[in-house]
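Participant: Attaching a single structure in structure tokens format; questions to follow.
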Amino acid sequence: MRYDVAIIGAGAVGCAIARELSFFKLKVAVLEKSCDVAFGTSGRNSAVCHAGFNNKTTSLMARFCVEGNRLMEGLCQDLGVEYRKTGKFLIGFDEADMRTLEALVEKGKANGCTGLQIVGMDAVHAKVPGVGGIGAMSSPNTAIFDTFGYTVALAENAKANGCDFYFSHAVKSVAEGPDPYRFIIDGAIEAKVLINSAGLFADKVSSLCGVDGYRIYPCKGQYYVYDKIADSTLQVPVYPAPRPGIGGLGIHLTPTIHGNVIAGPSADYQDDPEDYCTTKPVLDQLLSESSLLLGSLRPGQIIASYAGIRPKQAPPSQGGFMDFTIKAEQGRKGLVNLIGIESPGLTASVPIAMHVRDILIDHQRDFGLDMQARENPIRTRKAPVRFASLDREEQARLIKENPDYGTVVCRCQTVTLAEIKKAIDNVLGCRSIASVKYRAWPTTGRCQGGYCMTRIVAELMKSGLKAEEINLRDEGSNLFWGQAR
Amino acid sequence: MKDFYDVAIIGAGPAGLAAAKAASALGASVIILEREARCGGILNQCIHDGFGLMRYHRALTGPEYAARAIDELEGMRIDILTDAFVSQLVDNGDKKAIIVITRSGLLTINTASIVLATGCRERTRGQIRTPGSRPSGVFTAGLAQSFVNLKGMDIGHRVVILGSGDIGLIMARRLTLEGAKVLGVYEILSKPCGLKRNITQCLYDFGIPLETGMTVSRIIGSKRLEAVEVSQVDSDMKAIDGTARIIECDTLILSVGLIPENELASDLGVKLDPKTNGALTDAILQTSVPGVFACGNCRKVLDLADLVSRQAETAGANAARHALGLGGYEEAAELDVSLPKGWPEKDVINCTLCPRGCSIAFKDGKALGYGCKRGLEYAKTELVSPMRTLTATVLDSKGHCVPIKSGVPVPRSSLVLLRQALKSVRLADHHSGQVACTIDGIEFLSAANG
């Protein structure tokens with residue numbers, strides 16, 4: 001198959017690039033090693049849309065984050081993604097913290113953030129009672145959103161404009177082909193331009209393309225997930241004032257768009273880019289640090305834990321921070337590398353994609369591309385129905401229309417059969433349990449799938465999968481070895 | 001369907017069914033709301049026998065117990081609404097409204113009394129906060145039971161079980177009979193939680209080791225489970241460094257506790273026990289909200305379905321009295337009766353014929369501790385050639401799993417072979433309680449619910 005552009009990696013950034021390029025008359029392919037989008041860093045984070053005060057002024061991180069924050073609400077509206085502008089508090093626990101926060105307000109202003117201000121604890125307690133600390137910085141533009149839904153929506157939008165997705169396709173070799181199809185991927189897929197948006201594997205993909213010298217330093221962050229207690233305990237993300245040298249934003253508490261509270265992330269460098277294990281000492285640290293922020297949290301309210309990995313470019317010796325590298329490589333014509341796309345990459349995903357688009361426009365003659373805008377491209381995606389969030393009249397109407405809305409599959413989140421079927425029948429063709437979970441949000445409640453898993457399995461089998469073909473996530477994560485037949 | 005009922009019962013497991021019977025017997029109009037397609041609740045997946053020893057004076061499988069409880073409602077004026085998911089309870093003072101999601105629409109059912117019979121859910125890996133990776137192959141025991149017994153799934157071949165609760169023990173036997181190797185049961189407490197009879201018949205019968213004071217301290221494997229790390233624990237139930245050992249396995253079954261299911265109740269303002277999540281009730285099983293009663297596992301997790309049924313009758317009757325203004329509420333009986341739990345004593349046979357569970361020993365050729373002749377016979381047989389009722393599932397012509405049990409106890413030594421032979425059976429026609437198939441001259445009865 002021949003493409004104008006091949007994008008490696010279907011995280012939020014890869015999918016945002018695919019969507020952006022799908023507005024042009026280009027043949028675009030996305031190659032993803034996992035069986036679905038957002039299986040890496042994009043699906044394993046705090047799910048916060050950052051305001052952009054934290055990053056070094058004049059950095060790409062600051063610029064794209066502020067821009068991303070400005071765009072996100074409209075994007076989520078267009079793409080049918082749940083989003084809520086909650087604002088956020090950074091809490092100071094001592095005078096040094098307060099000075100850090102004051103400096104942060106100034107840095108934020110320089111970065112173009114609006115509305116930042118130092119507030120007293122009474123202002124914090126008016127919104128989040130019980131939080132510790134002596135003062136805070138308020139960031140009104142910070143938001144929470146559904147990061148899975150966001151990445152899925154970007155990909156579905158790109159797909160609607162003709163972009164091809166290759167899942168469970170880990171790129172093993174990139175050979176050099178004759179102009180203009182300079183990239184031959186695994187001997188099968190040819191492309192004029194290769195965009196390396198491989199996140200934790202971006203250094204390796206760059207090497208496959210012949211450009212060495214990059215190194216990704218995986219840095220793990222672990223999280224606890226609390227039950228749906230956000231409404232009663234914490235409706236606004238609460239972060240500690242940043243402390244230098246930790247390579248992260250500090251362990252914080254965030255409500256999720258689905259009503260849970262998450263605590264995390266830690267920040268620990270490791271060699272393995274795929275070791276998502278949680279560890280006892282870090283989980284214990286999460287407990288103690290989150291109780292400093294909010295003493296009313298109880299361990300008994302925890303329902304799950306998970307880990308994500310930041311694809312850092314900066315080794316620990318450099319304090320953990322380095323700007324995004326996004327560039328057309330001189331050494332390999334047509335290769336656009338995106339290296340070190342860690343936080344705030346999710347917030348910045350669409351501005352990053354626009355930046356990549358502009359790089360392609362600038363180099364189009366050289367790369368052999370013809371960047372002509374598509375006529376009336378699709379720019380929106382219809383929001384999936386969330387039965388649980390509708391009022392009774394609307395629920396009744398839906399059931400009348402389709403009785404499958406009258407069968408509840410996931411009891412914790414009240415996800416109906418109609419929503420499960422729709423999730424299984426998704427346009428990207430992803431059919432793991434996690435794929436269903438990311439689209440319709442079953443299995444995420446306090447029973448963690450104890451009730452709904454059998455029902456989801458039954459629906460997946462009705463869609464044509466055999467028992468042994470049902471995977472929790474990627475190939476090899478089979479739930480069953482077979483079924484009595 | 002009416003738009004008002006004296007008593008509305010949420011859940012048609014053993015609690016809900018018994019509550020309905022008792023409420024209806026007092027003349028109340030009753031509706032049962034059940035989210036599943038059929039009544040019986042968790043009993044339907046509990047295909048092992050041992051239910052009903054107290055209530056029906058015989059050993060029944062879960063589905064058989066459910067069938068009996070349903071049959072008892074025969075001829076009573078009780079409306080049963082299945083595939084009905086209660087989404088909300090609304091307290092309008094004297095009257096309560098129940099919002100129900102069904103395939104034919106969103107219903108509002110008004111009632112004077114509510115009986116909460118919502119059962120319990122399983123504690124998960126996330127709640128016990130086991131570190132490690134998140135591969136497939138980690139199942140709560142009840143979920144594993146449902147996949148194996150209702151769907152015929154082959155869930156794993158090398159199995160470790162965390163927790164010595166009864167469902168975990170039952171699954172150890174079940175998976176062994178299905179051909180899996182159960183490598184061991186690990187219990188964090190210093191003694192087993194399950195019934196003695198289950199430790200004997202589910203573990204000892206098959207040579208499955210049980211170690212106490214141990215926990216799974218890490219889960220290993222990036223895709224499917226590859227191994228677990230088990231460690232000894234200290235008195236705070238924390239893993240002790242240096243005691244870890246790795247066990248290669250593809251499946252981890254968690255039997256680590258049950259949590260009363262009370263999300264609906266708490267919407268209504270029902271006070272819950274902060275420690276157990278159980279609905280708090282007074283002596284007549286009324287919750288903190290007048291007219292709302294709770295019974296069975298959503299109140300406090302009980303060891304036996306028989307006890308649940310008995311308690312639920314009181315709740316159902318009192319709910320009817322409340323609705324009808326009858327007064328004369330009955331107090332719930334103490335339910336401290338249970339089968340003996342923990343390590344079976346050495347050289348002692350625990351009789352399983354009735355709930356008394358006598359411990360019978362033989363000393364100098366003399367039997368001690370038996371309570372009846374049948375018990376003595378049981379103990380003698382157990383000593384020489386133990387006999388067991390084999391329960392399993394076989395497929396019918398449509399590929400559905402049908403629970404069956406041997407008509408008479410079979411030699412313990414023949415369990416595995418008989419189970420193997422049953423795997424090739426396809427049932428044509430079957431009726432609950434009647435012979436479904438015969439293997440080596442042994443009759444197997446259908447033990448289905450309906």
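How things are named: the first chain in the structure tokens is A, the next is B, and so on; residues count from 1 in each chain; ligands count from 1 in the order shown.
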Go through chain A and flag each residue having an atom no more than 6 Å from chain B; for those, report the closest pair of atoms plus their distance in Å to one decimal, using only C-alpha atoms, ordered by chain and rising number, as JSON lines.
Facilitator:
{"residue": "A:Tyr276", "atom": "CA", "partner": "B:Ser133", "partner_atom": "CA", "distance": 6.0}
{"residue": "A:Cys277", "atom": "CA", "partner": "B:Ser133", "partner_atom": "CA", "distance": 4.1}
{"residue": "A:Thr278", "atom": "CA", "partner": "B:Gly132", "partner_atom": "CA", "distance": 4.8}
{"residue": "A:Thr279", "atom": "CA", "partner": "B:Pro131", "partner_atom": "CA", "distance": 5.1}
{"residue": "A:Lys280", "atom": "CA", "partner": "B:Pro131", "partner_atom": "CA", "distance": 5.8}
{"residue": "A:Ile302", "atom": "CA", "partner": "B:Gln127", "partner_atom": "CA", "distance": 5.8}
{"residue": "A:Ile303", "atom": "CA", "partner": "B:Gly126", "partner_atom": "CA", "distance": 4.9}
{"residue": "A:Ala304", "atom": "CA", "partner": "B:Gly126", "partner_atom": "CA", "distance": 3.9}
{"residue": "A:Ala396", "atom": "CA", "partner": "B:Leu106", "partner_atom": "CA", "distance": 5.3}
{"residue": "A:Ile399", "atom": "CA", "partner": "B:Gly105", "partner_atom": "CA", "distance": 5.7}
{"residue": "A:Pro403", "atom": "CA", "partner": "B:Arg103", "partner_atom": "CA", "distance": 4.7}
{"residue": "A:Gly406", "atom": "CA", "partner": "B:Arg103", "partner_atom": "CA", "distance": 4.0}
{"residue": "A:Thr407", "atom": "CA", "partner": "B:Arg103", "partner_atom": "CA", "distance": 6.0}
{"residue": "A:Gly450", "atom": "CA", "partner": "B:Leu143", "partner_atom": "CA", "distance": 5.7}
{"residue": "A:Leu472", "atom": "CA", "partner": "B:Ser136", "partner_atom": "CA", "distance": 5.9}
{"residue": "A:Gly476", "atom": "CA", "partner": "B:Lys223", "partner_atom": "CA", "distance": 5.6}
{"residue": "A:Ser477", "atom": "CA", "partner": "B:Lys223", "partner_atom": "CA", "distance": 4.3}
{"residue": "A:Leu479", "atom": "CA", "partner": "B:Ser136", "partner_atom": "CA", "distance": 5.7}
{"residue": "A:Phe480", "atom": "CA", "partner": "B:Ile155", "partner_atom": "CA", "distance": 4.6}
{"residue": "A:Trp481", "atom": "CA", "partner": "B:Asp154", "partner_atom": "CA", "distance": 5.4}
{"residue": "A:Gly482", "atom": "CA", "partner": "B:Asp154", "partner_atom": "CA", "distance": 5.1}
{"residue": "A:Gln483", "atom": "CA", "partner": "B:Met153", "partner_atom": "CA", "distance": 4.3}
{"residue": "A:Ala484", "atom": "CA", "partner": "B:Gly152", "partner_atom": "CA", "distance": 5.1}
Participant: Limited to N, CA, C and O atoms, could you put the picked residues into a file as an mmCIF file, in the first residue's frame?
Facilitator:
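The resulting file, out-v1.cif, is reproduced below:
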data_model
loop_
_atom_site.group_PDB
_atom_site.id
_atom_site.type_symbol
_atom_site.label_atom_id
_atom_site.label_comp_id
_atom_site.auth_asym_id
_atom_site.auth_seq_id
_atom_site.Cartn_x
_atom_site.Cartn_y
_atom_site.Cartn_z
ATOM 1 N N TYR A 276 4.487 -1.457 33.318
ATOM 2 C CA TYR A 276 3.417 -0.657 33.933
ATOM 3 C C TYR A 276 3.047 -1.157 35.328
ATOM 4 O O TYR A 276 1.958 -0.875 35.820
ATOM 5 N N CYS A 277 3.951 -1.911 35.951
ATOM 6 C CA CYS A 277 3.649 -2.451 37.281
ATOM 7 C C CYS A 277 3.498 -1.328 38.298
ATOM 8 O O CYS A 277 4.250 -0.362 38.288
ATOM 9 N N THR A 278 2.561 -1.518 39.202
ATOM 10 C CA THR A 278 2.534 -0.658 40.381
ATOM 11 C C THR A 278 3.367 -1.341 41.468
ATOM 12 O O THR A 278 3.551 -2.552 41.441
ATOM 13 N N THR A 279 3.899 -0.549 42.375
ATOM 14 C CA THR A 279 4.762 -1.117 43.408
ATOM 15 C C THR A 279 4.286 -0.666 44.778
ATOM 16 O O THR A 279 3.745 0.436 44.936
ATOM 17 N N LYS A 280 4.507 -1.519 45.746
ATOM 18 C CA LYS A 280 4.006 -1.281 47.098
ATOM 19 C C LYS A 280 4.498 0.044 47.704
ATOM 20 O O LYS A 280 3.680 0.837 48.185
ATOM 21 N N ILE A 302 -10.721 3.164 47.674
ATOM 22 C CA ILE A 302 -9.911 2.901 46.479
ATOM 23 C C ILE A 302 -10.498 1.715 45.725
ATOM 24 O O ILE A 302 -10.829 0.699 46.325
ATOM 25 N N ILE A 303 -10.632 1.870 44.404
ATOM 26 C CA ILE A 303 -11.160 0.748 43.619
ATOM 27 C C ILE A 303 -10.158 0.206 42.599
ATOM 28 O O ILE A 303 -10.370 -0.871 42.066
ATOM 29 N N ALA A 304 -9.101 0.925 42.326
ATOM 30 C CA ALA A 304 -8.146 0.425 41.318
ATOM 31 C C ALA A 304 -6.840 1.207 41.424
ATOM 32 O O ALA A 304 -6.759 2.227 42.115
ATOM 33 N N ALA A 396 -36.415 7.477 28.608
ATOM 34 C CA ALA A 396 -37.640 6.783 28.186
ATOM 35 C C ALA A 396 -37.774 6.817 26.661
ATOM 36 O O ALA A 396 -38.126 5.816 26.026
ATOM 37 N N ILE A 399 -35.355 4.304 25.059
ATOM 38 C CA ILE A 399 -35.774 2.901 25.208
ATOM 39 C C ILE A 399 -36.888 2.579 24.206
ATOM 40 O O ILE A 399 -36.916 1.509 23.613
ATOM 41 N N PRO A 403 -35.027 -0.865 22.342
ATOM 42 C CA PRO A 403 -35.166 -1.528 23.651
ATOM 43 C C PRO A 403 -33.825 -1.880 24.295
ATOM 44 O O PRO A 403 -33.771 -2.103 25.507
ATOM 45 N N GLY A 406 -32.893 -0.341 27.300
ATOM 46 C CA GLY A 406 -33.590 -0.777 28.503
ATOM 47 C C GLY A 406 -32.932 -1.959 29.191
ATOM 48 O O GLY A 406 -33.444 -2.473 30.174
ATOM 49 N N THR A 407 -31.795 -2.411 28.642
ATOM 50 C CA THR A 407 -31.033 -3.469 29.308
ATOM 51 C C THR A 407 -29.748 -2.879 29.857
ATOM 52 O O THR A 407 -28.912 -2.392 29.094
ATOM 53 N N GLY A 450 -17.020 -7.122 37.730
ATOM 54 C CA GLY A 450 -17.558 -8.350 38.328
ATOM 55 C C GLY A 450 -18.940 -8.685 37.787
ATOM 56 O O GLY A 450 -19.280 -9.846 37.578
ATOM 57 N N LEU A 472 -8.208 -8.952 26.889
ATOM 58 C CA LEU A 472 -8.395 -7.821 27.780
ATOM 59 C C LEU A 472 -7.861 -6.556 27.115
ATOM 60 O O LEU A 472 -8.515 -5.518 27.105
ATOM 61 N N GLY A 476 -2.531 -11.709 23.100
ATOM 62 C CA GLY A 476 -1.804 -12.375 24.184
ATOM 63 C C GLY A 476 -2.447 -12.169 25.547
ATOM 64 O O GLY A 476 -2.122 -12.876 26.491
ATOM 65 N N SER A 477 -3.357 -11.200 25.629
ATOM 66 C CA SER A 477 -4.015 -10.987 26.924
ATOM 67 C C SER A 477 -5.397 -11.636 26.908
ATOM 68 O O SER A 477 -6.389 -11.057 27.321
ATOM 69 N N LEU A 479 -8.644 -13.751 27.708
ATOM 70 C CA LEU A 479 -9.353 -14.045 28.956
ATOM 71 C C LEU A 479 -9.553 -15.545 29.134
ATOM 72 O O LEU A 479 -9.639 -16.038 30.239
ATOM 73 N N PHE A 480 -9.664 -16.252 28.004
ATOM 74 C CA PHE A 480 -10.006 -17.682 28.056
ATOM 75 C C PHE A 480 -9.070 -18.464 27.158
ATOM 76 O O PHE A 480 -8.528 -17.933 26.185
ATOM 77 N N TRP A 481 -8.959 -19.751 27.481
ATOM 78 C CA TRP A 481 -8.211 -20.635 26.586
ATOM 79 C C TRP A 481 -9.170 -21.321 25.628
ATOM 80 O O TRP A 481 -8.741 -21.959 24.672
ATOM 81 N N GLY A 482 -10.437 -21.240 25.900
ATOM 82 C CA GLY A 482 -11.407 -21.870 25.007
ATOM 83 C C GLY A 482 -12.748 -21.953 25.691
ATOM 84 O O GLY A 482 -12.948 -21.392 26.772
ATOM 85 N N GLN A 483 -13.666 -22.664 25.038
ATOM 86 C CA GLN A 483 -15.003 -22.820 25.598
ATOM 87 C C GLN A 483 -15.488 -24.218 25.268
ATOM 88 O O GLN A 483 -15.183 -24.744 24.197
ATOM 89 N N ALA A 484 -16.229 -24.811 26.226
ATOM 90 C CA ALA A 484 -16.800 -26.137 25.982
ATOM 91 C C ALA A 484 -17.721 -26.040 24.778
ATOM 92 O O ALA A 484 -18.577 -25.171 24.733
#
Participant: Which residues are close to region 442-447 of chain B, i.e. within 12 Å by only C-alpha atoms, leaving aside same-chain residues fewer than 5 positions away? Reply as a ChimeraX atom specification.
Facilitator: /B:43-49,59-68,389-396,401-411,414-415,418-419,421-422,425,427-437
Participant: Looking only at helix (DSSP H, G or I) from DSSP on the backbone, list the matching residues of region 25-274 of chain A as a PyMOL selection string.
Facilitator: chain A and resi 41-43+60-79+95-111+121-127+147-160+199-208+230-233
Participant: Please produce a file of those selected residues containing C-alpha atoms, as a PDB file, in the first residue's frame.
Facilitator:
ATOM      1  CA  THR A  41       0.803   7.344  27.639  1.00  0.00           C
ATOM      2  CA  SER A  42      -2.359   9.013  26.281  1.00  0.00           C
ATOM      3  CA  GLY A  43      -4.590   6.655  28.223  1.00  0.00           C
ATOM      4  CA  LEU A  60       7.113  24.729  22.654  1.00  0.00           C
ATOM      5  CA  MET A  61       5.547  23.072  25.699  1.00  0.00           C
ATOM      6  CA  ALA A  62       4.302  26.405  27.053  1.00  0.00           C
ATOM      7  CA  ARG A  63       3.167  27.695  23.682  1.00  0.00           C
ATOM      8  CA  PHE A  64       1.293  24.580  22.620  1.00  0.00           C
ATOM      9  CA  CYS A  65      -0.161  23.962  26.067  1.00  0.00           C
ATOM     10  CA  VAL A  66      -1.653  27.448  26.349  1.00  0.00           C
ATOM     11  CA  GLU A  67      -2.968  27.148  22.812  1.00  0.00           C
ATOM     12  CA  GLY A  68      -4.301  23.651  23.452  1.00  0.00           C
ATOM     13  CA  ASN A  69      -6.073  24.798  26.574  1.00  0.00           C
ATOM     14  CA  ARG A  70      -7.714  27.587  24.595  1.00  0.00           C
ATOM     15  CA  LEU A  71      -8.856  25.191  21.849  1.00  0.00           C
ATOM     16  CA  MET A  72      -9.863  22.186  23.912  1.00  0.00           C
ATOM     17  CA  GLU A  73     -13.376  23.177  24.916  1.00  0.00           C
ATOM     18  CA  GLY A  74     -14.427  23.823  21.324  1.00  0.00           C
ATOM     19  CA  LEU A  75     -12.638  20.695  20.133  1.00  0.00           C
ATOM     20  CA  CYS A  76     -14.400  18.549  22.692  1.00  0.00           C
ATOM     21  CA  GLN A  77     -17.701  20.075  21.635  1.00  0.00           C
ATOM     22  CA  ASP A  78     -16.984  19.350  17.976  1.00  0.00           C
ATOM     23  CA  LEU A  79     -15.815  15.826  18.697  1.00  0.00           C
ATOM     24  CA  GLU A  95       6.227  30.204  52.739  1.00  0.00           C
ATOM     25  CA  ALA A  96       8.679  28.752  50.232  1.00  0.00           C
ATOM     26  CA  ASP A  97       5.766  27.133  48.424  1.00  0.00           C
ATOM     27  CA  MET A  98       3.915  30.459  48.380  1.00  0.00           C
ATOM     28  CA  ARG A  99       6.897  32.157  46.769  1.00  0.00           C
ATOM     29  CA  THR A 100       6.995  29.361  44.188  1.00  0.00           C
ATOM     30  CA  LEU A 101       3.322  29.959  43.483  1.00  0.00           C
ATOM     31  CA  GLU A 102       3.803  33.714  43.142  1.00  0.00           C
ATOM     32  CA  ALA A 103       6.592  33.093  40.645  1.00  0.00           C
ATOM     33  CA  LEU A 104       4.314  30.649  38.856  1.00  0.00           C
ATOM     34  CA  VAL A 105       1.629  33.292  38.438  1.00  0.00           C
ATOM     35  CA  GLU A 106       4.222  35.527  36.765  1.00  0.00           C
ATOM     36  CA  LYS A 107       5.523  32.707  34.586  1.00  0.00           C
ATOM     37  CA  GLY A 108       1.969  31.824  33.623  1.00  0.00           C
ATOM     38  CA  LYS A 109       1.250  35.413  32.626  1.00  0.00           C
ATOM     39  CA  ALA A 110       4.392  35.440  30.498  1.00  0.00           C
ATOM     40  CA  ASN A 111       3.220  32.188  28.880  1.00  0.00           C
ATOM     41  CA  MET A 121      -7.551  28.928  51.793  1.00  0.00           C
ATOM     42  CA  ASP A 122     -11.101  30.208  52.275  1.00  0.00           C
ATOM     43  CA  ALA A 123     -11.432  30.467  48.501  1.00  0.00           C
ATOM     44  CA  VAL A 124     -10.112  26.912  48.213  1.00  0.00           C
ATOM     45  CA  HIS A 125     -12.390  25.603  50.932  1.00  0.00           C
ATOM     46  CA  ALA A 126     -15.420  27.216  49.314  1.00  0.00           C
ATOM     47  CA  LYS A 127     -14.895  24.767  46.455  1.00  0.00           C
ATOM     48  CA  THR A 147      -8.853  11.447  27.320  1.00  0.00           C
ATOM     49  CA  PHE A 148      -9.822   8.052  25.912  1.00  0.00           C
ATOM     50  CA  GLY A 149     -12.916   9.449  24.285  1.00  0.00           C
ATOM     51  CA  TYR A 150     -10.855  12.344  22.972  1.00  0.00           C
ATOM     52  CA  THR A 151      -8.258  10.135  21.300  1.00  0.00           C
ATOM     53  CA  VAL A 152     -10.924   7.798  19.925  1.00  0.00           C
ATOM     54  CA  ALA A 153     -12.808  10.807  18.543  1.00  0.00           C
ATOM     55  CA  LEU A 154      -9.712  12.251  16.851  1.00  0.00           C
ATOM     56  CA  ALA A 155      -9.072   8.873  15.222  1.00  0.00           C
ATOM     57  CA  GLU A 156     -12.692   8.394  14.183  1.00  0.00           C
ATOM     58  CA  ASN A 157     -12.727  11.854  12.649  1.00  0.00           C
ATOM     59  CA  ALA A 158      -9.550  11.058  10.702  1.00  0.00           C
ATOM     60  CA  LYS A 159     -11.018   7.740   9.616  1.00  0.00           C
ATOM     61  CA  ALA A 160     -14.184   9.464   8.411  1.00  0.00           C
ATOM     62  CA  GLY A 199       5.940   8.185  22.284  1.00  0.00           C
ATOM     63  CA  LEU A 200       7.926   5.831  24.479  1.00  0.00           C
ATOM     64  CA  PHE A 201       9.410   4.201  21.381  1.00  0.00           C
ATOM     65  CA  ALA A 202      10.146   7.391  19.438  1.00  0.00           C
ATOM     66  CA  ASP A 203      13.922   6.941  19.883  1.00  0.00           C
ATOM     67  CA  LYS A 204      13.767   3.418  18.488  1.00  0.00           C
ATOM     68  CA  VAL A 205      11.546   4.386  15.559  1.00  0.00           C
ATOM     69  CA  SER A 206      13.917   7.237  14.727  1.00  0.00           C
ATOM     70  CA  SER A 207      16.811   4.776  14.730  1.00  0.00           C
ATOM     71  CA  LEU A 208      14.870   2.448  12.422  1.00  0.00           C
ATOM     72  CA  ALA A 230     -15.824  13.428  43.356  1.00  0.00           C
ATOM     73  CA  ASP A 231     -19.213  15.086  43.750  1.00  0.00           C
ATOM     74  CA  SER A 232     -19.080  14.867  47.507  1.00  0.00           C
ATOM     75  CA  THR A 233     -15.372  15.376  48.146  1.00  0.00           C
TER      76      THR A 233
END
Participant: At what distance in Å, to one decimal, does CA of Ile134 (chain A) lie from CA of Pro344 (chain A)?
Facilitator: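 That distance, rounded to one decimal, is 27.2 Å.
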Participant: Write out as a PyMOL selection string all residues of region 47-133 of chain B that DSSP puts in strand (DSSP E or B) for this structure's backbone.
Facilitator: chain B and resi 49-51+60-61+78-81+85-92+95-102+105-116+120-122+132
Participant: Would you mind exporting the chosen residues as an mmCIF file, in the first residue's frame, restricted to C-alpha atoms?
Facilitator:
data_model
loop_
_atom_site.group_PDB
_atom_site.id
_atom_site.type_symbol
_atom_site.label_atom_id
_atom_site.label_comp_id
_atom_site.auth_asym_id
_atom_site.auth_seq_id
_atom_site.Cartn_x
_atom_site.Cartn_y
_atom_site.Cartn_z
ATOM 1 C CA ASP B 49 -24.469 -29.119 46.286
ATOM 2 C CA GLY B 50 -24.876 -28.478 49.982
ATOM 3 C CA PHE B 51 -27.649 -25.906 49.868
ATOM 4 C CA LEU B 60 -29.432 -29.374 46.911
ATOM 5 C CA THR B 61 -27.445 -27.583 44.236
ATOM 6 C CA ILE B 78 -46.932 -12.006 43.294
ATOM 7 C CA ASP B 79 -45.812 -10.044 40.252
ATOM 8 C CA ILE B 80 -42.300 -10.871 39.169
ATOM 9 C CA LEU B 81 -40.582 -8.453 36.835
ATOM 10 C CA PHE B 85 -32.955 -2.794 36.662
ATOM 11 C CA VAL B 86 -33.806 -0.541 39.571
ATOM 12 C CA SER B 87 -32.032 2.719 38.926
ATOM 13 C CA GLN B 88 -33.323 4.854 41.750
ATOM 14 C CA LEU B 89 -35.379 4.825 44.920
ATOM 15 C CA VAL B 90 -37.296 7.932 45.872
ATOM 16 C CA ASP B 91 -38.669 8.531 49.354
ATOM 17 C CA ASN B 92 -41.987 10.379 49.272
ATOM 18 C CA LYS B 95 -44.963 6.144 49.822
ATOM 19 C CA LYS B 96 -41.815 5.259 47.966
ATOM 20 C CA ALA B 97 -41.245 5.433 44.236
ATOM 21 C CA ILE B 98 -38.978 2.994 42.423
ATOM 22 C CA ILE B 99 -37.579 3.936 39.043
ATOM 23 C CA VAL B 100 -36.989 0.825 36.964
ATOM 24 C CA ILE B 101 -35.223 0.497 33.633
ATOM 25 C CA THR B 102 -36.796 -2.232 31.487
ATOM 26 C CA GLY B 105 -39.648 1.489 29.089
ATOM 27 C CA LEU B 106 -38.803 3.435 32.187
ATOM 28 C CA LEU B 107 -41.256 2.419 34.889
ATOM 29 C CA THR B 108 -42.208 4.085 38.135
ATOM 30 C CA ILE B 109 -43.523 1.702 40.763
ATOM 31 C CA ASN B 110 -45.079 3.094 43.908
ATOM 32 C CA THR B 111 -45.008 1.132 47.097
ATOM 33 C CA ALA B 112 -45.567 1.434 50.824
ATOM 34 C CA SER B 113 -42.702 -0.861 51.834
ATOM 35 C CA ILE B 114 -39.433 -1.801 50.207
ATOM 36 C CA VAL B 115 -37.433 -4.908 50.979
ATOM 37 C CA LEU B 116 -33.784 -4.573 50.008
ATOM 38 C CA CYS B 120 -23.424 -8.478 47.801
ATOM 39 C CA ARG B 121 -20.551 -7.994 45.404
ATOM 40 C CA GLU B 122 -17.008 -9.294 45.506
ATOM 41 C CA GLY B 132 2.046 -5.407 40.084
#
Participant: Measure the distance from CA of Gly115 (chain A) to CA of Thr86 (chain A) in Å and round it to one decimal.
Facilitator: 13.2 Å
